[in-house]
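Enquirer: My questions all concern the structure below.
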Amino acid sequence: VINWKGKKHLVCHKDELKVFGGHNEENVLAAIACGFFAGVTLPDMRKVLTSFAGVEHRLEYVTTINKVPYYNDSKATNPDSTIKALEAFPHGHIILIAGGRDKKTDIVPLMHLIRQKVDELILLGEAKDRFEEAAHEAAIRNVIIVQTFKEAVEKAYKLAREPQVVLLSPACASFDMFANFPARGKAFKELVAQIAAEDGNKHKEGIEGK
């Protein structure tokens, strides 16, 4: 809602947005304010806001496998970004894939939130040992260490059950395994697509075998 000079103008409801999370809602409010003072009409603002699906590698929905949605947040190259991603899922039940090149940032607040929100923490990359130590200090129990990115995604798939979500939000740079965060996100989406295809074939074969 725009409230200006005693008049209120309804733009849209947050449930109509395709992006989600408190940080995205704040961005939407800022965009509305800028658009309003720049002369953008309310119908045009509403049209764009309700159709904008977000930016690649930023809490990007990939697909759903066995009623479990997969999200690519490879852009989260620091703990603060991963905290925002975790907060975007109010009900928790997250299988989180994290780790990469360690920026040696403070991860204590992140670990406290992981303890509240995450069912399984899958760690990889150069940061895995420090992250694992911090996780144990925060009394996080379900910590899994893997050696490869493919292993991390496959492990998440094997563990995932409704109502969980699988989230790649590394809290680290990508340079220990990838050229950059877009390459990491692309690899995640390709692996998830491969798993989805294989899972679909298994179900198809099971139905045809009955």
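Scheme for the structure tokens: letters A, B, ... for chains in order shown; per-chain residue numbers from 1; ligand numbers from 1 in order shown.
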Kindly assemble as a Markdown table a list of the region 108-153 of chain A residues that lie within 10 Å of region 71-84 of chain A, each paired with its nearest atom pair and their distance in Å to one decimal, using only C-alpha atoms, sorted first by chain and then by ascending residue number.
Expert:
```
| residue | atom | partner | partner_atom | distance |
| --- | --- | --- | --- | --- |
| A:Val108 | CA | A:Pro79 | CA | 9.2 |
| A:Pro109 | CA | A:Ile83 | CA | 8.3 |
| A:Leu110 | CA | A:Ile83 | CA | 6.0 |
| A:Met111 | CA | A:Ile83 | CA | 9.2 |
| A:His112 | CA | A:Ile83 | CA | 9.9 |
| A:Leu113 | CA | A:Ile83 | CA | 7.2 |
| A:Ile114 | CA | A:Ile83 | CA | 8.5 |
```
Enquirer: Residues as selected, N, CA, C and O atoms, written as an mmCIF file, in the first residue's frame, can you do that?
Expert:
```cif
data_model
loop_
_atom_site.group_PDB
_atom_site.id
_atom_site.type_symbol
_atom_site.label_atom_id
_atom_site.label_comp_id
_atom_site.auth_asym_id
_atom_site.auth_seq_id
_atom_site.Cartn_x
_atom_site.Cartn_y
_atom_site.Cartn_z
ATOM 1 N N VAL A 108 28.562 -17.964 13.736
ATOM 2 C CA VAL A 108 27.807 -18.324 14.942
ATOM 3 C C VAL A 108 26.317 -18.014 14.799
ATOM 4 O O VAL A 108 25.468 -18.875 15.071
ATOM 5 N N PRO A 109 25.921 -16.796 14.353
ATOM 6 C CA PRO A 109 24.484 -16.523 14.176
ATOM 7 C C PRO A 109 23.835 -17.465 13.171
ATOM 8 O O PRO A 109 22.683 -17.890 13.361
ATOM 9 N N LEU A 110 24.563 -17.793 12.111
ATOM 10 C CA LEU A 110 24.037 -18.730 11.116
ATOM 11 C C LEU A 110 23.764 -20.085 11.749
ATOM 12 O O LEU A 110 22.715 -20.695 11.522
ATOM 13 N N MET A 111 24.689 -20.574 12.547
ATOM 14 C CA MET A 111 24.513 -21.889 13.157
ATOM 15 C C MET A 111 23.343 -21.922 14.128
ATOM 16 O O MET A 111 22.620 -22.920 14.212
ATOM 17 N N HIS A 112 23.120 -20.850 14.839
ATOM 18 C CA HIS A 112 21.967 -20.793 15.740
ATOM 19 C C HIS A 112 20.654 -20.900 14.956
ATOM 20 O O HIS A 112 19.707 -21.559 15.403
ATOM 21 N N LEU A 113 20.603 -20.255 13.784
ATOM 22 C CA LEU A 113 19.395 -20.335 12.962
ATOM 23 C C LEU A 113 19.265 -21.712 12.323
ATOM 24 O O LEU A 113 18.146 -22.246 12.205
ATOM 25 N N ILE A 114 20.376 -22.296 11.909
ATOM 26 C CA ILE A 114 20.353 -23.649 11.354
ATOM 27 C C ILE A 114 19.776 -24.633 12.369
ATOM 28 O O ILE A 114 18.989 -25.514 12.019
#
```
Enquirer: Report as an MDAnalysis selection string all protein, DNA and RNA residues lying within 6 Å of Ala127 (chain A), evaluated on only C-alpha atoms, omitting residues in the same chain fewer than 4 positions from it.
Expert: chainID A and resid 99:102
Enquirer: Can you write just those residues out, all heavy atoms, as a tab-separated table (two decimals), in the first residue's frame?
Expert:
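Dumped everything to part35.tsv:
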```tsv
chain	number	residue	atom	x	y	z
A	99	GLY	N	28.68	-24.70	2.26
A	99	GLY	CA	30.12	-24.89	2.21
A	99	GLY	C	30.69	-24.46	0.87
A	99	GLY	O	29.97	-24.28	-0.10
A	100	GLY	N	32.00	-24.32	0.84
A	100	GLY	CA	32.70	-23.85	-0.34
A	100	GLY	C	34.00	-23.24	0.10
A	100	GLY	O	34.62	-23.70	1.07
A	101	ARG	N	34.42	-22.19	-0.57
A	101	ARG	CA	35.63	-21.48	-0.13
A	101	ARG	C	35.29	-20.61	1.07
A	101	ARG	O	34.42	-19.75	1.01
A	101	ARG	CB	36.20	-20.64	-1.25
A	101	ARG	CG	37.37	-19.76	-0.81
A	101	ARG	CD	38.41	-19.59	-1.86
A	101	ARG	NE	39.02	-20.86	-2.25
A	101	ARG	CZ	39.84	-20.98	-3.31
A	101	ARG	NH1	40.13	-19.92	-4.04
A	101	ARG	NH2	40.36	-22.15	-3.62
A	102	ASP	N	36.00	-20.84	2.14
A	102	ASP	CA	35.71	-20.18	3.41
A	102	ASP	C	36.19	-18.74	3.40
A	102	ASP	O	37.37	-18.47	3.14
A	102	ASP	CB	36.40	-20.95	4.55
A	102	ASP	CG	35.84	-20.61	5.92
A	102	ASP	OD1	35.10	-19.62	6.01
A	102	ASP	OD2	36.14	-21.36	6.86
```
Enquirer: How far is it from CA of Cys172 (chain A) to CA of Lys103 (chain A), in Å with one decimal?
Expert: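 Calculated distance between CA of Cys172 (chain A) and CA of Lys103 (chain A) is 6.4 Å.
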Enquirer: At most 10 Å is the cut-off: for each residue in region 29-101 of chain A with any atom that close to an atom of region 163-166 of chain A, write down the nearest atom pair and the distance in Å rounded to one decimal, counting only C-alpha atoms, chain first then increasing number, as CSV.
Expert:
```
residue,atom,partner,partner_atom,distance
A:Thr64,CA,A:Val165,CA,9.0
A:Ile65,CA,A:Val165,CA,9.9
A:Lys67,CA,A:Pro163,CA,7.5
A:Val68,CA,A:Val165,CA,5.4
A:Pro69,CA,A:Val165,CA,5.2
A:Tyr70,CA,A:Val166,CA,4.8
A:Tyr71,CA,A:Val166,CA,6.3
A:Asn72,CA,A:Val166,CA,8.8
A:Phe89,CA,A:Val165,CA,8.9
A:His91,CA,A:Pro163,CA,9.2
A:Gly92,CA,A:Gln164,CA,7.7
A:His93,CA,A:Gln164,CA,4.7
A:Ile94,CA,A:Val165,CA,5.0
A:Ile95,CA,A:Val166,CA,4.8
A:Leu96,CA,A:Val166,CA,6.2
A:Ile97,CA,A:Val166,CA,7.8
```
Enquirer: Rounded to one decimal place, report the CA of Lys189 (chain A)-CA of Ala53 (chain A) distance in Å.
Expert: 16.4 Å
Enquirer: Closest to Glu154 (chain A) among A:Ala183, A:Leu10, A:Met177, A:Ile195, using only C-alpha atoms?
Expert: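 Under the stated criterion, the closest residue is A:Ile195.
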Enquirer: Could you write out, as a VMD selection string, all the residues of region 50-89 of chain A that DSSP marks as strand (DSSP E or B)?
Expert: chain A and resid 60 to 65 68 to 72
Enquirer: Next, write the just-selected residues to a file, as an mmCIF file, in the first residue's frame, keeping all heavy atoms as the atom set.
Expert:
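File result-v7.cif, as written:
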```
data_model
loop_
_atom_site.group_PDB
_atom_site.id
_atom_site.type_symbol
_atom_site.label_atom_id
_atom_site.label_comp_id
_atom_site.auth_asym_id
_atom_site.auth_seq_id
_atom_site.Cartn_x
_atom_site.Cartn_y
_atom_site.Cartn_z
ATOM 1 N N GLU A 60 16.026 -19.300 -6.174
ATOM 2 C CA GLU A 60 15.379 -19.690 -7.427
ATOM 3 C C GLU A 60 14.751 -21.081 -7.288
ATOM 4 O O GLU A 60 15.442 -22.050 -6.990
ATOM 5 C CB GLU A 60 16.414 -19.682 -8.550
ATOM 6 C CG GLU A 60 15.898 -20.192 -9.883
ATOM 7 C CD GLU A 60 17.009 -20.429 -10.896
ATOM 8 O OE1 GLU A 60 18.213 -20.367 -10.502
ATOM 9 O OE2 GLU A 60 16.687 -20.689 -12.062
ATOM 10 N N TYR A 61 13.452 -21.149 -7.532
ATOM 11 C CA TYR A 61 12.778 -22.457 -7.512
ATOM 12 C C TYR A 61 13.245 -23.260 -8.720
ATOM 13 O O TYR A 61 13.256 -22.772 -9.847
ATOM 14 C CB TYR A 61 11.264 -22.265 -7.555
ATOM 15 C CG TYR A 61 10.503 -23.552 -7.782
ATOM 16 C CD1 TYR A 61 10.401 -24.509 -6.782
ATOM 17 C CD2 TYR A 61 9.896 -23.805 -9.011
ATOM 18 C CE1 TYR A 61 9.710 -25.690 -6.993
ATOM 19 C CE2 TYR A 61 9.202 -24.985 -9.228
ATOM 20 C CZ TYR A 61 9.116 -25.924 -8.218
ATOM 21 O OH TYR A 61 8.436 -27.096 -8.439
ATOM 22 N N VAL A 62 13.636 -24.515 -8.475
ATOM 23 C CA VAL A 62 14.138 -25.363 -9.559
ATOM 24 C C VAL A 62 13.066 -26.342 -10.019
ATOM 25 O O VAL A 62 12.624 -26.327 -11.161
ATOM 26 C CB VAL A 62 15.405 -26.117 -9.110
ATOM 27 C CG1 VAL A 62 15.923 -27.008 -10.245
ATOM 28 C CG2 VAL A 62 16.490 -25.136 -8.679
ATOM 29 N N THR A 63 12.641 -27.215 -9.113
ATOM 30 C CA THR A 63 11.595 -28.184 -9.427
ATOM 31 C C THR A 63 11.153 -28.848 -8.135
ATOM 32 O O THR A 63 11.716 -28.587 -7.066
ATOM 33 C CB THR A 63 12.088 -29.246 -10.429
ATOM 34 O OG1 THR A 63 10.972 -30.006 -10.916
ATOM 35 C CG2 THR A 63 13.088 -30.198 -9.777
ATOM 36 N N THR A 64 10.157 -29.716 -8.233
ATOM 37 C CA THR A 64 9.695 -30.495 -7.087
ATOM 38 C C THR A 64 9.813 -31.975 -7.419
ATOM 39 O O THR A 64 9.375 -32.413 -8.481
ATOM 40 C CB THR A 64 8.235 -30.151 -6.738
ATOM 41 O OG1 THR A 64 8.163 -28.780 -6.330
ATOM 42 C CG2 THR A 64 7.712 -31.023 -5.617
ATOM 43 N N ILE A 65 10.424 -32.725 -6.518
ATOM 44 C CA ILE A 65 10.576 -34.170 -6.690
ATOM 45 C C ILE A 65 9.952 -34.855 -5.476
ATOM 46 O O ILE A 65 10.336 -34.583 -4.332
ATOM 47 C CB ILE A 65 12.063 -34.572 -6.799
ATOM 48 C CG1 ILE A 65 12.764 -33.791 -7.913
ATOM 49 C CG2 ILE A 65 12.189 -36.076 -7.043
ATOM 50 C CD1 ILE A 65 14.265 -34.019 -7.973
ATOM 51 N N VAL A 68 8.812 -32.624 -2.745
ATOM 52 C CA VAL A 68 9.851 -31.836 -2.083
ATOM 53 C C VAL A 68 10.396 -30.805 -3.067
ATOM 54 O O VAL A 68 10.963 -31.177 -4.097
ATOM 55 C CB VAL A 68 11.004 -32.735 -1.589
ATOM 56 C CG1 VAL A 68 12.134 -31.883 -1.017
ATOM 57 C CG2 VAL A 68 10.508 -33.719 -0.541
ATOM 58 N N PRO A 69 10.232 -29.501 -2.799
ATOM 59 C CA PRO A 69 10.754 -28.473 -3.691
ATOM 60 C C PRO A 69 12.259 -28.267 -3.504
ATOM 61 O O PRO A 69 12.784 -28.397 -2.386
ATOM 62 C CB PRO A 69 9.974 -27.217 -3.309
ATOM 63 C CG PRO A 69 9.522 -27.451 -1.919
ATOM 64 C CD PRO A 69 9.404 -28.933 -1.722
ATOM 65 N N TYR A 70 12.931 -27.922 -4.595
ATOM 66 C CA TYR A 70 14.373 -27.668 -4.593
ATOM 67 C C TYR A 70 14.619 -26.209 -4.977
ATOM 68 O O TYR A 70 14.039 -25.720 -5.951
ATOM 69 C CB TYR A 70 15.080 -28.587 -5.593
ATOM 70 C CG TYR A 70 15.151 -30.032 -5.155
ATOM 71 C CD1 TYR A 70 13.994 -30.818 -5.049
ATOM 72 C CD2 TYR A 70 16.363 -30.630 -4.844
ATOM 73 C CE1 TYR A 70 14.047 -32.140 -4.639
ATOM 74 C CE2 TYR A 70 16.433 -31.968 -4.436
ATOM 75 C CZ TYR A 70 15.271 -32.707 -4.333
ATOM 76 O OH TYR A 70 15.335 -34.025 -3.923
ATOM 77 N N TYR A 71 15.491 -25.538 -4.217
ATOM 78 C CA TYR A 71 15.777 -24.123 -4.442
ATOM 79 C C TYR A 71 17.277 -23.890 -4.609
ATOM 80 O O TYR A 71 18.093 -24.420 -3.843
ATOM 81 C CB TYR A 71 15.262 -23.279 -3.277
ATOM 82 C CG TYR A 71 13.760 -23.200 -3.204
ATOM 83 C CD1 TYR A 71 13.040 -24.141 -2.474
ATOM 84 C CD2 TYR A 71 13.061 -22.203 -3.872
ATOM 85 C CE1 TYR A 71 11.655 -24.081 -2.409
ATOM 86 C CE2 TYR A 71 11.676 -22.139 -3.809
ATOM 87 C CZ TYR A 71 10.980 -23.074 -3.081
ATOM 88 O OH TYR A 71 9.604 -23.019 -3.017
ATOM 89 N N ASN A 72 17.601 -23.085 -5.605
ATOM 90 C CA ASN A 72 18.978 -22.716 -5.909
ATOM 91 C C ASN A 72 19.248 -21.306 -5.409
ATOM 92 O O ASN A 72 18.758 -20.332 -5.977
ATOM 93 C CB ASN A 72 19.198 -22.812 -7.428
ATOM 94 C CG ASN A 72 20.456 -22.088 -7.876
ATOM 95 O OD1 ASN A 72 21.447 -22.026 -7.149
ATOM 96 N ND2 ASN A 72 20.413 -21.527 -9.084
#
```
Enquirer: Which of these, A:Val143, A:Arg130, A:Lys202, A:Ile122, has the shortest distance to Ala156 (chain A) once you count only C-alpha atoms?
Expert: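 Checking each candidate against Ala156 (chain A), we get A:Ile122 as the closest.
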Enquirer: Just checking: using only C-alpha atoms, which residue out of A:Phe131, A:Phe175, A:Phe52, A:Phe36 ends up closest to Trp4 (chain A)?
Expert: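 Residue with the minimum atom-to-atom distance to Trp4 (chain A): A:Phe36.
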Enquirer: What parts of chain A does DSSP call alpha helix (DSSP H)? I'd like the answer as a ChimeraX atom specification.
Expert: /A:22-38,42-51,79-87,108-117,128-137,149-159,181-208
Enquirer: From the options A:Lys7, A:Val55, A:Lys14, A:Glu120, which residue's atoms come nearest to Ile144 (chain A), counting only C-alpha atoms?
Expert: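 Using only C-alpha atoms, Ile144 (chain A) sits closest to A:Glu120.
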